[in-house]
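A.B. asks: Before anything else, here's the structure in question.
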Amino acid sequence: MSDYRDWVVSLPCCISGYQGEGVDPHHIKGKAWLTGGSLSKKGSDLTCIPLVHELHMELHNNGWETFEKKYNMSQLEWMVKTILQAEKDGVIKL
């Protein structure tokens with residue numbers, strides 16, 4: 001796992017707030033124009049957000065649009081928050 005993904009999983013889940021073992025680094029979906037990902041390829045690790053495993057699986061099983069609506073959240077917004085926190089914590093330099 002990359003250093004960035006290792007750091008992402010140390011953060012609290014962006015939905016539940018749970019922090020600890022079982023948080024996954026989720027590569028955001030539905031924004032291939034930004035992430036460089038596609039259906040068969042993950043985007044950059046900088047597109048990761050922290051999601052507890054159960055919610056991560058829910059997102060993949062039900063689709064990103066349904067997930068965002070259910071939890072009233074934006075993966076893109078959380079990606080930006082995560083990147084800004086990474087810069088603040090000295091994990092990356094922008």
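Going by the structure tokens order, chains are called A, B, ..., each with residues numbered from 1, while ligands are numbered from 1 in the order shown.
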Just the residues within 9 Å of A:Leu76, please, counting only C-alpha atoms, with nothing from its chain fewer than 2 positions along; format it as number ranges by chain.
C.D. replies: A: 28-29, 31, 47, 73-74, 78-81
A.B. asks: Near stretch 48-54 of chain A, within 8 Å and counting only C-alpha atoms, which residues show up once chain neighbours fewer than 4 positions away are dropped, as number ranges by chain?
C.D. replies: A: 5, 8-9, 11-16, 18, 22-28, 44, 58, 75, 78-79, 82
A.B. asks: I need the alpha helix (DSSP H) residues of stretch 24-88 of chain A per DSSP on the backbone, written as an MDAnalysis selection string.
C.D. replies: chainID A and resid 32:35 53:62 64:71 75:88
A.B. asks: For the residues selected in the previous step, produce a file with N, CA and C atoms as a short mmCIF file (atom, residue, chain, number, x, y, z; two decimals), in the first residue's frame.
C.D. replies:
```
data_model
loop_
_atom_site.label_atom_id
_atom_site.label_comp_id
_atom_site.auth_asym_id
_atom_site.auth_seq_id
_atom_site.Cartn_x
_atom_site.Cartn_y
_atom_site.Cartn_z
N ALA A 32 -14.23 10.24 -13.61
CA ALA A 32 -13.08 9.81 -14.41
C ALA A 32 -12.39 10.99 -15.09
N TRP A 33 -13.13 12.02 -15.43
CA TRP A 33 -12.55 13.20 -16.08
C TRP A 33 -11.51 13.86 -15.17
N LEU A 34 -11.64 13.64 -13.86
CA LEU A 34 -10.72 14.23 -12.89
C LEU A 34 -9.70 13.23 -12.38
N THR A 35 -10.16 12.03 -12.11
CA THR A 35 -9.31 11.05 -11.43
C THR A 35 -8.39 10.27 -12.33
N HIS A 53 -15.05 -0.26 6.05
CA HIS A 53 -15.20 -1.33 5.06
C HIS A 53 -16.66 -1.58 4.66
N GLU A 54 -17.56 -1.66 5.62
CA GLU A 54 -18.96 -1.94 5.31
C GLU A 54 -19.57 -0.88 4.40
N LEU A 55 -19.26 0.38 4.67
CA LEU A 55 -19.76 1.46 3.81
C LEU A 55 -19.08 1.46 2.46
N HIS A 56 -17.81 1.10 2.43
CA HIS A 56 -17.08 0.98 1.17
C HIS A 56 -17.76 -0.05 0.26
N MET A 57 -18.10 -1.20 0.84
CA MET A 57 -18.78 -2.25 0.07
C MET A 57 -20.17 -1.81 -0.36
N GLU A 58 -20.87 -1.08 0.52
CA GLU A 58 -22.20 -0.56 0.16
C GLU A 58 -22.10 0.36 -1.05
N LEU A 59 -21.11 1.23 -1.06
CA LEU A 59 -20.94 2.15 -2.19
C LEU A 59 -20.73 1.36 -3.48
N HIS A 60 -19.85 0.37 -3.44
CA HIS A 60 -19.58 -0.41 -4.64
C HIS A 60 -20.78 -1.24 -5.06
N ASN A 61 -21.53 -1.76 -4.11
CA ASN A 61 -22.68 -2.61 -4.43
C ASN A 61 -23.89 -1.83 -4.92
N ASN A 62 -24.10 -0.64 -4.40
CA ASN A 62 -25.30 0.14 -4.74
C ASN A 62 -25.05 1.27 -5.72
N TRP A 64 -22.31 4.75 -6.73
CA TRP A 64 -21.88 5.98 -6.07
C TRP A 64 -22.98 7.03 -5.97
N GLU A 65 -23.85 7.11 -6.99
CA GLU A 65 -24.91 8.13 -6.96
C GLU A 65 -25.92 7.84 -5.83
N THR A 66 -26.32 6.57 -5.72
CA THR A 66 -27.24 6.16 -4.66
C THR A 66 -26.61 6.41 -3.29
N PHE A 67 -25.33 6.07 -3.16
CA PHE A 67 -24.62 6.23 -1.89
C PHE A 67 -24.54 7.71 -1.50
N GLU A 68 -24.15 8.55 -2.43
CA GLU A 68 -24.02 9.98 -2.13
C GLU A 68 -25.37 10.57 -1.71
N LYS A 69 -26.44 10.15 -2.40
CA LYS A 69 -27.77 10.66 -2.06
C LYS A 69 -28.19 10.16 -0.67
N LYS A 70 -28.00 8.88 -0.39
CA LYS A 70 -28.40 8.30 0.89
C LYS A 70 -27.71 9.00 2.06
N TYR A 71 -26.41 9.26 1.92
CA TYR A 71 -25.63 9.85 3.01
C TYR A 71 -25.44 11.36 2.88
N GLN A 75 -18.38 12.63 -2.77
CA GLN A 75 -17.03 12.04 -2.78
C GLN A 75 -16.00 13.08 -3.18
N LEU A 76 -16.34 13.91 -4.14
CA LEU A 76 -15.41 14.93 -4.61
C LEU A 76 -15.06 15.91 -3.49
N GLU A 77 -16.05 16.33 -2.73
CA GLU A 77 -15.79 17.23 -1.60
C GLU A 77 -14.89 16.55 -0.57
N TRP A 78 -15.15 15.27 -0.28
CA TRP A 78 -14.32 14.56 0.69
C TRP A 78 -12.90 14.33 0.17
N MET A 79 -12.77 14.15 -1.14
CA MET A 79 -11.44 14.00 -1.71
C MET A 79 -10.63 15.28 -1.48
N VAL A 80 -11.24 16.42 -1.73
CA VAL A 80 -10.56 17.70 -1.52
C VAL A 80 -10.22 17.89 -0.05
N LYS A 81 -11.17 17.59 0.84
CA LYS A 81 -10.91 17.71 2.28
C LYS A 81 -9.74 16.82 2.69
N THR A 82 -9.69 15.61 2.14
CA THR A 82 -8.63 14.67 2.48
C THR A 82 -7.28 15.17 1.98
N ILE A 83 -7.23 15.68 0.77
CA ILE A 83 -5.99 16.22 0.22
C ILE A 83 -5.51 17.42 1.04
N LEU A 84 -6.42 18.31 1.40
CA LEU A 84 -6.04 19.48 2.19
C LEU A 84 -5.54 19.07 3.58
N GLN A 85 -6.15 18.04 4.17
CA GLN A 85 -5.66 17.54 5.45
C GLN A 85 -4.28 16.91 5.30
N ALA A 86 -4.07 16.22 4.18
CA ALA A 86 -2.76 15.61 3.92
C ALA A 86 -1.67 16.68 3.84
N GLU A 87 -2.01 17.80 3.20
CA GLU A 87 -1.02 18.88 3.12
C GLU A 87 -0.77 19.45 4.53
N LYS A 88 -1.84 19.67 5.27
CA LYS A 88 -1.72 20.21 6.64
C LYS A 88 -0.87 19.29 7.52
#
```
A.B. asks: Could you please write out, as a list in words, every residue of stretch 26-93 of chain A that DSSP assigns to strand (DSSP E or B)?
C.D. replies: His26, His27, Ser38, Lys41, Cys48, Ile49, Pro50, Leu51 and Val52 of chain A
A.B. asks: With distances taken over only C-alpha atoms, which of A:Asp45, A:Ser10, A:Gly63, A:Asp3 is nearest to A:Gly30?
C.D. replies: A:Gly63
A.B. asks: Of the candidates A:Gln19, A:Leu46, A:Tyr4, A:Asn72, which one gets nearest to A:Asp89 if we count only C-alpha atoms?
C.D. replies: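 Counting only C-alpha atoms, the residue closest to A:Asp89 is A:Tyr4.
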